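Trainee: upload-v9.cif is the file, holding mmCIF, C-alpha atoms:
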data_protein
loop_
_atom_site.label_atom_id
_atom_site.label_comp_id
_atom_site.auth_asym_id
_atom_site.auth_seq_id
_atom_site.Cartn_x
_atom_site.Cartn_y
_atom_site.Cartn_z
CA MET A 147 0.00 0.00 0.00
CA ASN A 148 1.19 3.49 -0.80
CA ALA A 149 -0.39 5.77 1.76
CA SER A 150 0.49 8.83 -0.26
CA ASN A 151 -1.69 7.84 -3.24
CA SER A 152 -5.13 8.78 -1.87
CA LEU A 153 -6.56 10.88 0.94
CA ALA A 154 -8.58 7.97 2.32
CA ALA A 155 -5.53 5.69 2.42
CA ARG A 156 -3.48 8.41 4.07
CA ILE A 157 -6.10 9.05 6.75
CA ARG A 158 -6.41 5.32 7.47
CA PHE A 159 -2.63 4.97 7.59
CA ILE A 160 -2.20 7.86 10.03
CA ALA A 161 -5.09 6.71 12.24
CA ILE A 162 -3.64 3.20 12.60
CA LEU A 163 -0.14 4.52 13.31
CA GLY A 164 -1.60 6.87 15.89
CA ALA A 165 -3.17 3.90 17.66
CA LEU A 166 0.15 2.03 17.60
CA ILE A 167 2.06 4.99 19.04
CA ALA A 168 -0.57 5.17 21.79
CA PHE A 169 0.59 1.84 23.26
CA ALA A 170 3.34 3.52 25.26
CA PRO A 171 1.53 6.61 26.63
CA LEU A 172 -1.61 4.63 27.44
CA SER A 173 0.41 1.96 29.25
CA ILE A 174 2.27 4.64 31.21
CA ASP A 175 -0.46 7.12 32.10
CA MET A 176 -3.60 4.99 32.37
CA TYR A 177 -2.50 3.01 35.42
CA LEU A 178 -0.99 5.93 37.38
CA PRO A 179 -4.25 6.56 39.31
CA ALA A 180 -4.21 2.89 40.33
CA PHE A 181 -0.86 3.06 42.16
CA PRO A 182 -2.39 3.20 45.68
CA ALA A 183 -4.87 0.42 44.87
CA ILE A 184 -2.12 -1.80 43.46
CA ALA A 185 0.08 -1.22 46.52
CA ASP A 186 -2.83 -2.09 48.84
CA HIS A 187 -3.77 -5.17 46.82
CA PHE A 188 -0.29 -6.68 46.98
CA GLY A 189 0.55 -5.29 50.41
CA VAL A 190 3.73 -3.56 49.22
CA ALA A 191 5.29 -0.13 49.60
CA PRO A 192 4.58 2.55 46.97
CA GLY A 193 8.18 2.23 45.76
CA ALA A 194 7.54 -1.33 44.62
CA VAL A 195 4.69 -0.15 42.41
CA GLN A 196 6.81 2.71 41.06
CA THR A 197 9.35 0.06 40.03
CA THR A 198 6.80 -1.33 37.58
CA LEU A 199 6.88 2.05 35.82
CA ALA A 200 10.68 2.26 35.82
CA VAL A 201 10.89 -1.25 34.36
CA PHE A 202 8.49 -0.21 31.61
CA PHE A 203 10.82 2.61 30.56
CA VAL A 204 13.76 0.21 30.52
CA GLY A 205 11.77 -2.16 28.33
CA LEU A 206 10.90 0.64 25.90
CA ALA A 207 14.55 1.64 25.50
CA VAL A 208 15.96 -1.89 25.19
CA GLY A 209 13.12 -3.12 23.01
CA GLN A 210 13.47 -0.33 20.49
CA GLY A 211 17.18 -1.06 20.14
CA VAL A 212 16.37 -4.67 19.23
CA VAL A 213 13.26 -4.15 17.11
CA GLY A 214 14.71 -1.41 14.89
CA PRO A 215 17.38 -3.48 13.10
CA ILE A 216 15.00 -6.44 12.85
CA THR A 217 12.54 -4.34 10.85
CA ASP A 218 15.34 -3.41 8.43
CA ARG A 219 16.01 -7.11 7.85
CA VAL A 220 12.58 -8.79 7.73
CA GLY A 221 10.28 -5.86 6.96
CA ARG A 222 8.06 -3.66 9.11
CA LEU A 223 4.92 -5.75 9.44
CA PRO A 224 6.11 -9.07 10.96
CA PRO A 225 7.90 -7.49 13.97
CA LEU A 226 4.93 -5.18 14.48
CA LEU A 227 2.44 -8.05 14.60
CA VAL A 228 4.68 -10.00 16.97
CA GLY A 229 5.06 -6.91 19.16
CA ILE A 230 1.31 -6.29 19.32
CA SER A 231 0.70 -9.95 20.20
CA MET A 232 3.32 -9.74 22.94
CA PHE A 233 1.69 -6.55 24.24
CA VAL A 234 -1.71 -8.24 24.40
CA GLY A 235 -0.33 -11.31 26.16
CA ALA A 236 1.63 -9.22 28.66
CA SER A 237 -1.43 -7.07 29.41
CA ILE A 238 -3.44 -10.20 30.20
CA TRP A 239 -0.58 -11.44 32.39
CA ALA A 240 -0.55 -8.11 34.24
CA ALA A 241 -4.30 -8.32 34.82
CA LEU A 242 -3.90 -11.82 36.31
CA ALA A 243 -0.60 -11.19 38.15
CA PRO A 244 -0.64 -12.94 41.56
CA ASP A 245 2.09 -10.76 43.08
CA ILE A 246 4.07 -7.57 42.47
CA GLU A 247 7.00 -9.51 40.99
CA SER A 248 4.75 -10.99 38.32
CA LEU A 249 3.27 -7.57 37.58
CA THR A 250 6.77 -6.12 37.21
CA ALA A 251 7.77 -8.88 34.78
CA ALA A 252 4.54 -8.42 32.83
CA ARG A 253 5.19 -4.70 32.55
CA LEU A 254 8.65 -5.37 31.15
CA LEU A 255 7.21 -7.73 28.52
CA GLN A 256 4.44 -5.24 27.79
CA ALA A 257 7.03 -2.55 27.03
CA LEU A 258 9.11 -4.90 24.86
CA GLY A 259 6.02 -5.60 22.77
CA GLY A 260 4.55 -2.11 22.75
CA CYS A 261 7.79 -0.46 21.64
CA ALA A 262 7.31 -2.02 18.20
CA GLY A 263 4.51 0.45 17.58
CA ILE A 264 6.85 3.40 18.12
CA VAL A 265 9.69 2.06 15.98
CA VAL A 266 7.57 0.77 13.12
CA SER A 267 5.33 3.83 12.90
CA ARG A 268 8.27 6.18 12.43
CA ALA A 269 9.93 3.82 9.98
CA MET A 270 6.78 3.34 7.90
CA VAL A 271 6.30 7.09 7.59
CA ARG A 272 9.86 7.49 6.33
CA ASP A 273 9.41 4.54 3.94
CA LEU A 274 6.53 6.30 2.21
CA PHE A 275 7.16 10.05 2.51
CA ASP A 276 9.97 12.53 1.91
CA GLU A 277 11.29 14.80 4.68
CA ARG A 278 8.69 17.57 4.37
CA SER A 279 5.74 15.20 3.96
CA SER A 280 6.93 12.98 6.79
CA ALA A 281 7.15 16.04 9.05
CA GLN A 282 3.49 16.73 8.23
CA VAL A 283 2.55 13.17 9.14
CA TYR A 284 4.58 13.28 12.36
CA SER A 285 2.75 16.51 13.22
CA LEU A 286 -0.58 14.71 12.95
CA LEU A 287 0.76 11.88 15.09
CA MET A 288 1.65 14.46 17.74
CA LEU A 289 -2.08 14.56 18.47
CA VAL A 290 -1.62 11.26 20.28
CA MET A 291 1.29 12.55 22.35
CA GLY A 292 -0.76 15.58 23.36
CA LEU A 293 -4.03 13.83 24.07
CA ALA A 294 -2.67 10.79 25.90
CA PRO A 295 -1.49 12.63 29.06
CA ILE A 296 -4.97 14.17 29.32
CA LEU A 297 -7.21 11.23 28.46
CA ALA A 298 -5.26 8.25 29.82
CA PRO A 299 -5.25 9.29 33.52
CA MET A 300 -8.94 10.22 33.20
CA ILE A 301 -9.75 6.78 31.76
CA GLY A 302 -7.64 5.10 34.43
CA GLY A 303 -9.26 7.15 37.19
CA PHE A 304 -12.74 6.24 35.94
CA ILE A 305 -11.85 2.54 35.83
CA VAL A 306 -10.39 2.60 39.36
CA ALA A 307 -13.45 4.44 40.66
CA HIS A 308 -15.97 1.99 39.14
CA TYR A 309 -14.04 -1.27 38.72
CA ASP A 310 -11.03 -3.11 40.10
CA TRP A 311 -7.56 -1.91 38.99
CA HIS A 312 -7.12 -5.14 37.03
CA MET A 313 -9.63 -3.80 34.51
CA ILE A 314 -7.05 -1.26 33.30
CA PHE A 315 -4.89 -4.06 31.91
CA TRP A 316 -7.90 -5.86 30.43
CA VAL A 317 -8.72 -2.63 28.58
CA LEU A 318 -5.13 -2.38 27.33
CA ALA A 319 -5.29 -5.99 26.18
CA ALA A 320 -8.53 -5.32 24.31
CA PHE A 321 -7.04 -2.22 22.71
CA GLY A 322 -4.02 -4.19 21.52
CA LEU A 323 -6.22 -6.99 20.22
CA ALA A 324 -8.24 -4.48 18.19
CA CYS A 325 -5.02 -3.12 16.69
CA LEU A 326 -3.93 -6.52 15.35
CA PRO A 327 -6.36 -6.76 12.42
CA ALA A 328 -6.07 -3.01 11.83
CA ALA A 329 -2.31 -3.32 11.38
CA LEU A 330 -2.52 -6.54 9.38
CA PHE A 331 -5.15 -5.39 6.88
CA GLY A 332 -4.85 -1.61 7.08
CA LEU A 333 -1.12 -0.99 6.80
CA GLY A 334 0.56 -3.56 4.61
CA GLU A 335 4.30 -3.89 4.18
CA THR A 336 6.16 -0.65 3.40
CA LEU A 337 9.71 -2.00 3.02
CA PRO A 338 10.24 -3.85 -0.30
CA ARG A 339 12.35 -7.00 -0.19
CA GLU A 340 15.05 -5.47 -2.40
CA LYS A 341 15.64 -2.74 0.19
CA ARG A 342 16.00 -5.06 3.17
CA HIS A 343 19.33 -5.83 4.78
CA ARG A 344 20.73 -9.26 4.12
CA SER A 345 22.23 -9.80 7.56
CA LEU A 346 21.01 -9.52 11.12
CA SER A 347 24.26 -10.47 12.80
CA LEU A 348 25.50 -8.67 15.88
CA GLY A 349 28.22 -7.08 13.77
CA SER A 350 25.77 -5.70 11.20
CA VAL A 351 23.48 -4.33 13.92
CA ALA A 352 26.41 -2.70 15.70
CA GLY A 353 27.59 -1.35 12.35
CA ALA A 354 24.20 0.26 11.72
CA TYR A 355 24.19 2.04 15.07
CA LEU A 356 27.83 3.08 14.70
CA ALA A 357 27.13 4.53 11.26
CA LEU A 358 24.20 6.51 12.62
CA GLY A 359 26.18 7.63 15.66
CA ALA A 360 28.97 8.87 13.41
CA ASP A 361 26.55 10.89 11.28
CA ARG A 362 26.74 14.32 12.90
CA PRO A 363 23.56 15.74 11.31
CA PHE A 364 21.53 12.67 12.28
CA MET A 365 22.75 12.81 15.88
CA GLY A 366 22.27 16.57 15.98
CA PHE A 367 18.61 16.39 15.00
CA ALA A 368 17.94 13.25 17.07
CA LEU A 369 19.52 14.79 20.16
CA ALA A 370 17.69 18.08 19.59
CA ASN A 371 14.42 16.16 19.73
CA ALA A 372 15.55 14.08 22.71
CA PHE A 373 16.69 17.06 24.78
CA VAL A 374 13.52 19.09 24.28
CA SER A 375 11.50 15.95 25.03
CA SER A 376 13.46 15.59 28.27
CA ALA A 377 12.50 19.18 29.11
CA MET A 378 8.87 18.11 28.70
CA PHE A 379 9.44 15.18 31.05
CA ALA A 380 11.04 17.51 33.60
CA TYR A 381 7.88 19.61 33.42
CA ILE A 382 5.66 16.53 33.86
CA THR A 383 7.73 15.39 36.85
CA GLY A 384 8.09 18.74 38.59
CA SER A 385 4.88 20.61 37.79
CA PRO A 386 2.54 18.79 40.23
CA PHE A 387 4.71 19.83 43.18
CA VAL A 388 5.33 23.33 41.82
CA PHE A 389 1.72 24.21 41.09
CA ILE A 390 -0.13 22.22 43.76
CA GLU A 391 2.26 22.55 46.69
CA LEU A 392 3.99 25.87 46.01
CA HIS A 393 1.25 27.83 44.27
CA GLY A 394 -1.72 26.23 46.00
CA LEU A 395 -3.65 25.00 42.98
CA SER A 396 -6.23 22.31 43.59
CA PRO A 397 -5.70 19.00 41.76
CA ASP A 398 -8.63 19.84 39.48
CA THR A 399 -7.20 23.26 38.64
CA TYR A 400 -3.79 21.73 38.03
CA ALA A 401 -5.37 19.17 35.70
CA LEU A 402 -7.01 22.05 33.82
CA LEU A 403 -3.67 23.85 33.53
CA PHE A 404 -2.02 20.66 32.32
CA GLY A 405 -4.77 20.30 29.75
CA VAL A 406 -4.26 23.85 28.51
CA ASN A 407 -0.56 23.19 27.94
CA ALA A 408 -1.32 19.91 26.16
CA THR A 409 -3.85 21.74 24.00
CA GLY A 410 -1.16 24.25 23.08
CA LEU A 411 1.12 21.40 21.98
CA ILE A 412 -1.65 19.82 19.90
CA ALA A 413 -2.57 23.13 18.25
CA ALA A 414 1.08 23.89 17.47
CA ALA A 415 1.52 20.49 15.84
CA GLN A 416 -1.44 21.12 13.56
CA VAL A 417 -0.23 24.64 12.70
CA ASN A 418 3.12 23.06 11.91
CA ALA A 419 1.49 20.72 9.38
CA PHE A 420 -0.07 23.77 7.71
CA LEU A 421 3.16 25.80 7.70
CA LEU A 422 5.04 22.93 6.08
CA ARG A 423 3.07 23.58 2.89
CA ARG A 424 5.01 26.81 2.43
CA HIS A 425 8.15 26.55 4.57
CA SER A 426 10.89 23.97 5.03
CA SER A 427 10.96 21.81 8.14
CA ARG A 428 14.47 23.06 8.95
CA THR A 429 13.33 26.72 9.00
CA ILE A 430 10.39 25.95 11.28
CA LEU A 431 12.61 23.86 13.54
CA LYS A 432 15.13 26.70 13.89
CA LEU A 433 12.48 29.25 14.89
CA ALA A 434 10.65 26.86 17.23
CA MET A 435 13.82 25.96 19.10
CA ALA A 436 14.60 29.66 19.50
CA VAL A 437 11.17 30.12 21.09
CA HIS A 438 11.74 27.10 23.35
CA LEU A 439 15.14 28.41 24.44
CA ALA A 440 13.77 31.89 25.15
CA ALA A 441 10.88 30.46 27.17
CA ALA A 442 13.19 28.13 29.11
CA LEU A 443 15.65 30.89 29.98
CA ALA A 444 12.81 33.23 30.93
CA LEU A 445 11.38 30.46 33.14
CA LEU A 446 14.71 30.16 34.92
CA ALA A 447 15.00 33.95 35.33
CA PHE A 448 11.49 34.30 36.78
CA THR A 449 12.10 31.36 39.11
CA LEU A 450 15.25 33.03 40.46
CA LEU A 451 14.01 36.63 40.57
CA MET A 452 10.26 36.22 41.16
CA PRO A 453 9.84 32.80 42.81
CA GLY A 454 6.26 33.49 43.91
CA ALA A 455 4.97 34.74 40.55
CA PHE A 456 2.43 32.33 39.10
CA TYR A 457 1.47 33.86 35.75
CA PRO A 458 5.01 34.41 34.38
CA LEU A 459 5.86 30.82 35.35
CA ALA A 460 2.71 29.41 33.74
CA THR A 461 3.20 31.51 30.59
CA CYS A 462 6.79 30.37 30.09
CA LEU A 463 5.81 26.74 30.54
CA PHE A 464 2.94 27.13 28.07
CA LEU A 465 5.32 28.53 25.44
CA ALA A 466 7.94 25.83 26.09
CA VAL A 467 5.43 22.97 25.94
CA SER A 468 3.59 24.36 22.91
CA SER A 469 6.81 24.80 20.93
CA LEU A 470 7.31 21.04 21.15
CA GLY A 471 4.46 20.72 18.66
CA PHE A 472 6.78 22.29 16.10
CA ILE A 473 10.07 20.80 17.26
CA GLY A 474 9.28 17.09 17.60
CA ALA A 475 7.88 16.46 14.13
CA ASN A 476 10.50 18.49 12.27
CA ALA A 477 13.50 17.24 14.25
CA ILE A 478 12.45 13.60 13.83
CA ALA A 479 11.79 14.11 10.11
CA ALA A 480 15.21 15.73 9.66
CA ALA A 481 16.91 12.91 11.56
CA MET A 482 15.07 10.19 9.65
CA ALA A 483 16.02 11.85 6.36
CA ARG A 484 19.63 10.96 7.21
CA ALA A 485 18.84 7.30 7.91
CA GLY A 486 19.78 5.97 4.48
CA GLY A 487 19.32 2.22 4.53
CA TYR A 488 19.03 2.08 8.32
CA ILE A 489 15.52 3.48 8.72
CA GLY A 490 14.45 0.95 11.35
CA ALA A 491 17.64 1.40 13.35
CA ALA A 492 17.35 5.18 13.03
CA SER A 493 13.79 5.09 14.32
CA ALA A 494 14.93 2.95 17.24
CA LEU A 495 17.88 5.20 18.08
CA THR A 496 15.76 8.36 18.11
CA GLY A 497 13.37 6.63 20.49
CA ILE A 498 16.13 5.32 22.74
CA LEU A 499 17.68 8.78 23.06
CA GLN A 500 14.30 10.34 23.72
CA PHE A 501 13.27 7.98 26.52
CA ALA A 502 16.75 7.76 28.05
CA LEU A 503 17.17 11.53 28.36
CA ALA A 504 13.57 11.90 29.54
CA ALA A 505 14.25 9.43 32.35
CA VAL A 506 17.44 11.30 33.29
CA ALA A 507 15.63 14.64 33.33
CA GLY A 508 12.84 13.32 35.53
CA GLY A 509 15.37 11.75 37.87
CA LEU A 510 17.31 15.00 38.18
CA VAL A 511 14.20 16.98 39.06
CA GLY A 512 13.34 14.48 41.78
CA ALA A 513 16.88 14.07 43.09
CA PHE A 514 17.51 17.79 43.51
CA ASN A 515 14.08 18.73 44.84
CA ASP A 516 14.73 21.51 47.35
CA GLY A 517 11.17 22.67 47.95
CA THR A 518 11.28 25.25 45.15
CA ALA A 519 10.64 25.37 41.41
CA LEU A 520 14.36 25.83 40.73
CA PRO A 521 15.27 22.17 39.99
CA MET A 522 12.53 21.94 37.36
CA ALA A 523 13.50 25.29 35.82
CA LEU A 524 17.20 24.40 35.77
CA VAL A 525 16.64 21.05 34.07
CA ILE A 526 14.30 22.59 31.48
CA ALA A 527 16.76 25.39 30.73
CA GLY A 528 19.72 23.02 30.59
CA ALA A 529 17.88 20.65 28.27
CA SER A 530 16.86 23.51 25.99
CA ILE A 531 20.43 24.81 25.77
CA ALA A 532 21.72 21.31 25.02
CA GLY A 533 19.02 20.80 22.39
CA THR A 534 19.89 24.10 20.72
CA LEU A 535 23.57 23.18 20.59
CA ALA A 536 22.67 19.77 19.15
CA ARG A 537 20.62 21.38 16.38
CA LEU A 538 23.42 23.81 15.61
CA SER A 539 25.80 20.87 15.24
CA ALA A 540 23.62 19.58 12.40
CA ARG A 541 23.93 22.73 10.30
CA GLY A 542 24.94 22.15 6.70
CA ALA A 543 23.06 18.85 6.43
#
The structure given in the file should be rewritten as C-alpha cells.
Mentor:
Amino acid sequence: MNASNSLAARIRFIAILGALIAFAPLSIDMYLPAFPAIADHFGVAPGAVQTTLAVFFVGLAVGQGVVGPITDRVGRLPPLLVGISMFVGASIWAALAPDIESLTAARLLQALGGCAGIVVSRAMVRDLFDERSSAQVYSLLMLVMGLAPILAPMIGGFIVAHYDWHMIFWVLAAFGLACLPAALFGLGETLPREKRHRSLSLGSVAGAYLALGADRPFMGFALANAFVSSAMFAYITGSPFVFIELHGLSPDTYALLFGVNATGLIAAAQVNAFLLRRHSSRTILKLAMAVHLAAALALLAFTLLMPGAFYPLATCLFLAVSSLGFIGANAIAAAMARAGGYIGAASALTGILQFALAAVAGGLVGAFNDGTALPMALVIAGASIAGTLARLSARGA
C-alpha cells in the first residue's frame, strides 16, 4: 500500500499509526491513578509499584534497540504483529498477576512488545514520505502525544473508581487486540524485499548504530528532539509539586492547567502541518527551538528573581510545551532523512535517546528537589540549551 496515493488511504494509515504509538503513553499514564490500589492489593510499599513504571521505561529503551534493526532485515509488518501480540499477552498477564513480581515482569514484557509500535510507525512514515511530507505526518501523530497525558489518567481514574484496577490491563489488552487486524489489513508492508538488509548479525546491527552515531547531522537532529523531550518530562515530573504545593492549585485546577498546555502542543503540531506547505521543516525547527530556548531561559529567570509569581511561570511553561508541537515532528523528520538504509535502526535510536534523556531529566528533578521550582526550571533550561547546541551541530546537512 502506498499511503500517499489517496486521501482515504493516508487518513487510514495515520489513524492506525496513531493507535500504535498510543501503546506507550496509554500503558504509562492509564494506570498511574491505580498506584495506591495496586500497593494495597499486593501489600507492598509505593516504591515497589513505582518500580513497575521504571521497568516499563527500561523495556521501551531496550526493546526499540532490538526491534529497529530487525525491521530493516525482515520488513516492518512481521515485527509489528509479533510486538502487538506480545503486548496483548503481557497485558493479560498483568491483569492476572498474583504478586508484584509478576506484575513487574509483565510490565517489562508489555514494554518490549509495545515499543514495536513506536519504531515501526516512524519507519513506515519514512518509507513512504519525503522529509517535508513525513514532518506533516509526524505533526498529525503528535495529536496522540498531546491527548494521551490528558485522556489516559482520566480513563484510568474512571476505571479505578468503578471497577477493580485489574480492569485497566484488560482494557489495554482489548485495545491491543483491536489493533492486530487493523495493522494486518490496514497498513501492509512498506519496506520492499530489495531494500531489506541481508544480515542480522551482531556485527551488522552494531555497524548500523555506529554509522548513525557517526553521522553528525543525524545525531544533531535526534539529540535536539531528545533534549527538548526531556524538558517536557522535567515539566511533567516537577509541575505537580510546583503548582499544587507551592502555588496552591487544587488538583482539578492543576489538571485544567495541564490540559491547557497539552492543548497548546496539539494546536502547534497542527499549525506546523499547515506551515510545512510553504516553509521547510528546517526553518520551522530553527524558529521553534529559538522560542523554546527563550521560554526556558525566561522560566529560569522568573524562578530566580520572582519565585512566587504564578502567571510568568505558567506563561513560560505554556510557550515551552507548545513549541514542542513544532520541534518534535521536524526534528524527527530531519533525523530520519539521514537514515539511508538504516531506517528501522534510526527510528529505534531516536526513540532510545528520547526515553533515556527523559528518564534522566525526571530523575534530576526528583533528586535535587529543594522545595522550590528551581530544579525543574534548571533542568528545562539546561535541556533547551543542550538541544539548541545539538541542532546547531547539524547545520549544513
Trainee: Quick one: pull the distance between atom CA of Val220 of chain A and atom CA of Leu206 of chain A, Å, one decimal.
Mentor: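 So the answer is 20.5 Å.
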Trainee: I'd like the contact shell of Gly302 of chain A - 12 Å cut-off, all atoms listed in the file, skipping same-chain residues fewer than 4 positions apart - returned as a compact mmCIF listing (two decimals) with C-alpha atoms, in the frame of the given file.
Mentor:
# COMPACT_ATOMS: atom_id res chain seq x y z
CA LEU A 172 -1.61 4.63 27.44
CA SER A 173 0.41 1.96 29.25
CA ILE A 174 2.27 4.64 31.21
CA ASP A 175 -0.46 7.12 32.10
CA MET A 176 -3.60 4.99 32.37
CA TYR A 177 -2.50 3.01 35.42
CA LEU A 178 -0.99 5.93 37.38
CA PRO A 179 -4.25 6.56 39.31
CA ALA A 180 -4.21 2.89 40.33
CA PHE A 181 -0.86 3.06 42.16
CA ALA A 183 -4.87 0.42 44.87
CA ALA A 294 -2.67 10.79 25.90
CA PRO A 295 -1.49 12.63 29.06
CA ILE A 296 -4.97 14.17 29.32
CA LEU A 297 -7.21 11.23 28.46
CA ALA A 298 -5.26 8.25 29.82
CA VAL A 306 -10.39 2.60 39.36
CA ALA A 307 -13.45 4.44 40.66
CA HIS A 308 -15.97 1.99 39.14
CA TYR A 309 -14.04 -1.27 38.72
CA ASP A 310 -11.03 -3.11 40.10
CA TRP A 311 -7.56 -1.91 38.99
CA HIS A 312 -7.12 -5.14 37.03
CA MET A 313 -9.63 -3.80 34.51
CA ILE A 314 -7.05 -1.26 33.30
CA PHE A 315 -4.89 -4.06 31.91
CA TRP A 316 -7.90 -5.86 30.43
CA VAL A 317 -8.72 -2.63 28.58
CA LEU A 318 -5.13 -2.38 27.33
Trainee: By how many Å are atom CA of Gly303 of chain A and atom CA of Pro397 of chain A apart?
Mentor: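 Going from atom CA of Gly303 of chain A over to atom CA of Pro397 of chain A, I get 13.2 Å.
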Trainee: Please determine, counting all atoms listed in the file, which residue among A:Leu293, A:Gly214, A:Gly189, A:Gly517 has the shortest atom-to-atom distance to Pro244 of chain A.
Mentor: A:Gly189
Trainee: Please write as a list of chain:residue names the full residue list that the PyMOL selection byres ((chain A and resi 374) around 9) yields on this file.
Mentor: A:Leu369, A:Ala370, A:Asn371, A:Ala372, A:Phe373, A:Ser375, A:Ser376, A:Ala377, A:Met378, A:Phe379, A:Met435, A:His438, A:Ala466, A:Leu470, A:Ile473, A:Gly474, A:Gln500, A:Ala504, A:Ile526, A:Ala529, A:Ser530, A:Ala532, A:Gly533, A:Thr534
Trainee: Atoms to include: C-alpha atoms. Write the selected residues as a JSON list (two decimals), in the coordinates of the input.
Mentor:
[["chain", "number", "residue", "atom", "x", "y", "z"],
["A", 369, "LEU", "CA", 19.52, 14.79, 20.16],
["A", 370, "ALA", "CA", 17.69, 18.08, 19.59],
["A", 371, "ASN", "CA", 14.42, 16.16, 19.73],
["A", 372, "ALA", "CA", 15.55, 14.08, 22.71],
["A", 373, "PHE", "CA", 16.69, 17.06, 24.78],
["A", 375, "SER", "CA", 11.50, 15.95, 25.03],
["A", 376, "SER", "CA", 13.46, 15.59, 28.27],
["A", 377, "ALA", "CA", 12.50, 19.18, 29.11],
["A", 378, "MET", "CA", 8.87, 18.11, 28.70],
["A", 379, "PHE", "CA", 9.44, 15.18, 31.05],
["A", 435, "MET", "CA", 13.82, 25.96, 19.10],
["A", 438, "HIS", "CA", 11.74, 27.10, 23.35],
["A", 466, "ALA", "CA", 7.94, 25.83, 26.09],
["A", 470, "LEU", "CA", 7.31, 21.04, 21.15],
["A", 473, "ILE", "CA", 10.07, 20.80, 17.26],
["A", 474, "GLY", "CA", 9.28, 17.09, 17.60],
["A", 500, "GLN", "CA", 14.30, 10.34, 23.72],
["A", 504, "ALA", "CA", 13.57, 11.90, 29.54],
["A", 526, "ILE", "CA", 14.30, 22.59, 31.48],
["A", 529, "ALA", "CA", 17.88, 20.65, 28.27],
["A", 530, "SER", "CA", 16.86, 23.51, 25.99],
["A", 532, "ALA", "CA", 21.72, 21.31, 25.02],
["A", 533, "GLY", "CA", 19.02, 20.80, 22.39],
["A", 534, "THR", "CA", 19.89, 24.10, 20.72]]
Trainee: Using only C-alpha atoms, determine which residues lie at most 6 Å from segment 253-265 of chain A, disregarding the query and same-chain residues fewer than 2 positions distant; provide the list as a ChimeraX atom specification.
Mentor: /A:166-167,169,201-202,205-206,209-210,226,229-230,232-233,236,250-251,267-268,493-494
Trainee: I'd like the residues picked by the PyMOL selection byres ((chain A and resi 338) around 10) written out as a list of chain:residue names, using the chain letters and numbers from the file.
Mentor: A:Val220, A:Gly221, A:Arg222, A:Asp273, A:Glu335, A:Thr336, A:Leu337, A:Arg339, A:Glu340, A:Lys341, A:Arg342
Trainee: Apply the PyMOL selection byres ((chain A and resi 481) around 12) to the structure shown and report the selected residues as a ChimeraX atom specification.
Mentor: /A:268-269,272,276-278,280-281,358-359,361-372,427-428,431,473-480,482-486,488-489,491-497,536-537,540,543
Trainee: Quick one, how far is atom CA of Asp218 of chain A from atom CA of Ala354 of chain A?
Mentor: 10.1 Å
Trainee: Just checking: using only C-alpha atoms, which residue out of A:Pro299, A:Pro215, A:Gly528, A:Gly164 ends up closest to Ala328 of chain A?
Mentor: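 Of A:Pro299, A:Pro215, A:Gly528, A:Gly164, the one nearest Ala328 of chain A is A:Gly164, counting only C-alpha atoms.
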Trainee: With all atoms listed in the file as the atoms that count, which of A:Ala401, A:Leu446, A:Leu274, A:Thr197 lies nearest to Met300 of chain A?
Mentor: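 Selected residue with least distance to Met300 of chain A: A:Ala401.
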Trainee: Could you give me the axis-aligned bounding box of segment 507-519 of chain A, with 5 Å of padding per side, as centre plus edge lengths in Å to one decimal, as JSON?
Mentor:
{"center_x": 14.1, "center_y": 18.6, "center_z": 40.6, "size_x": 16.9, "size_y": 23.6, "size_z": 24.6}
Trainee: Return segment 239-250 of chain A, completed with N, CA and C atoms, as a PDB file, in the frame of the given file.
Mentor:
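Final file, part.pdb:
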ATOM      1  N   TRP A 239      -1.399 -10.973  31.263  1.00  0.00           N
ATOM      2  CA  TRP A 239      -0.580 -11.440  32.390  1.00  0.00           C
ATOM      3  C   TRP A 239      -0.637 -10.426  33.529  1.00  0.00           C
ATOM      4  N   ALA A 240      -0.509  -9.154  33.213  1.00  0.00           N
ATOM      5  CA  ALA A 240      -0.550  -8.110  34.240  1.00  0.00           C
ATOM      6  C   ALA A 240      -1.899  -8.109  34.961  1.00  0.00           C
ATOM      7  N   ALA A 241      -2.977  -8.311  34.202  1.00  0.00           N
ATOM      8  CA  ALA A 241      -4.300  -8.320  34.820  1.00  0.00           C
ATOM      9  C   ALA A 241      -4.477  -9.502  35.770  1.00  0.00           C
ATOM     10  N   LEU A 242      -3.765 -10.600  35.497  1.00  0.00           N
ATOM     11  CA  LEU A 242      -3.900 -11.820  36.310  1.00  0.00           C
ATOM     12  C   LEU A 242      -2.737 -12.006  37.285  1.00  0.00           C
ATOM     13  N   ALA A 243      -1.819 -11.040  37.350  1.00  0.00           N
ATOM     14  CA  ALA A 243      -0.600 -11.190  38.150  1.00  0.00           C
ATOM     15  C   ALA A 243      -0.932 -11.498  39.615  1.00  0.00           C
ATOM     16  N   PRO A 244      -0.349 -12.575  40.172  1.00  0.00           N
ATOM     17  CA  PRO A 244      -0.640 -12.940  41.560  1.00  0.00           C
ATOM     18  C   PRO A 244       0.176 -12.155  42.587  1.00  0.00           C
ATOM     19  N   ASP A 245       1.250 -11.508  42.149  1.00  0.00           N
ATOM     20  CA  ASP A 245       2.090 -10.760  43.080  1.00  0.00           C
ATOM     21  C   ASP A 245       2.776  -9.623  42.333  1.00  0.00           C
ATOM     22  N   ILE A 246       3.454  -8.755  43.077  1.00  0.00           N
ATOM     23  CA  ILE A 246       4.070  -7.570  42.470  1.00  0.00           C
ATOM     24  C   ILE A 246       5.214  -7.947  41.553  1.00  0.00           C
ATOM     25  N   GLU A 247       5.903  -9.059  41.859  1.00  0.00           N
ATOM     26  CA  GLU A 247       7.000  -9.510  40.990  1.00  0.00           C
ATOM     27  C   GLU A 247       6.474  -9.909  39.616  1.00  0.00           C
ATOM     28  N   SER A 248       5.352 -10.600  39.593  1.00  0.00           N
ATOM     29  CA  SER A 248       4.750 -10.990  38.320  1.00  0.00           C
ATOM     30  C   SER A 248       4.284  -9.760  37.543  1.00  0.00           C
ATOM     31  N   LEU A 249       3.712  -8.797  38.246  1.00  0.00           N
ATOM     32  CA  LEU A 249       3.270  -7.570  37.580  1.00  0.00           C
ATOM     33  C   LEU A 249       4.459  -6.828  36.984  1.00  0.00           C
ATOM     34  N   THR A 250       5.563  -6.795  37.711  1.00  0.00           N
ATOM     35  CA  THR A 250       6.770  -6.120  37.210  1.00  0.00           C
ATOM     36  C   THR A 250       7.282  -6.813  35.945  1.00  0.00           C
TER      37      THR A 250
END
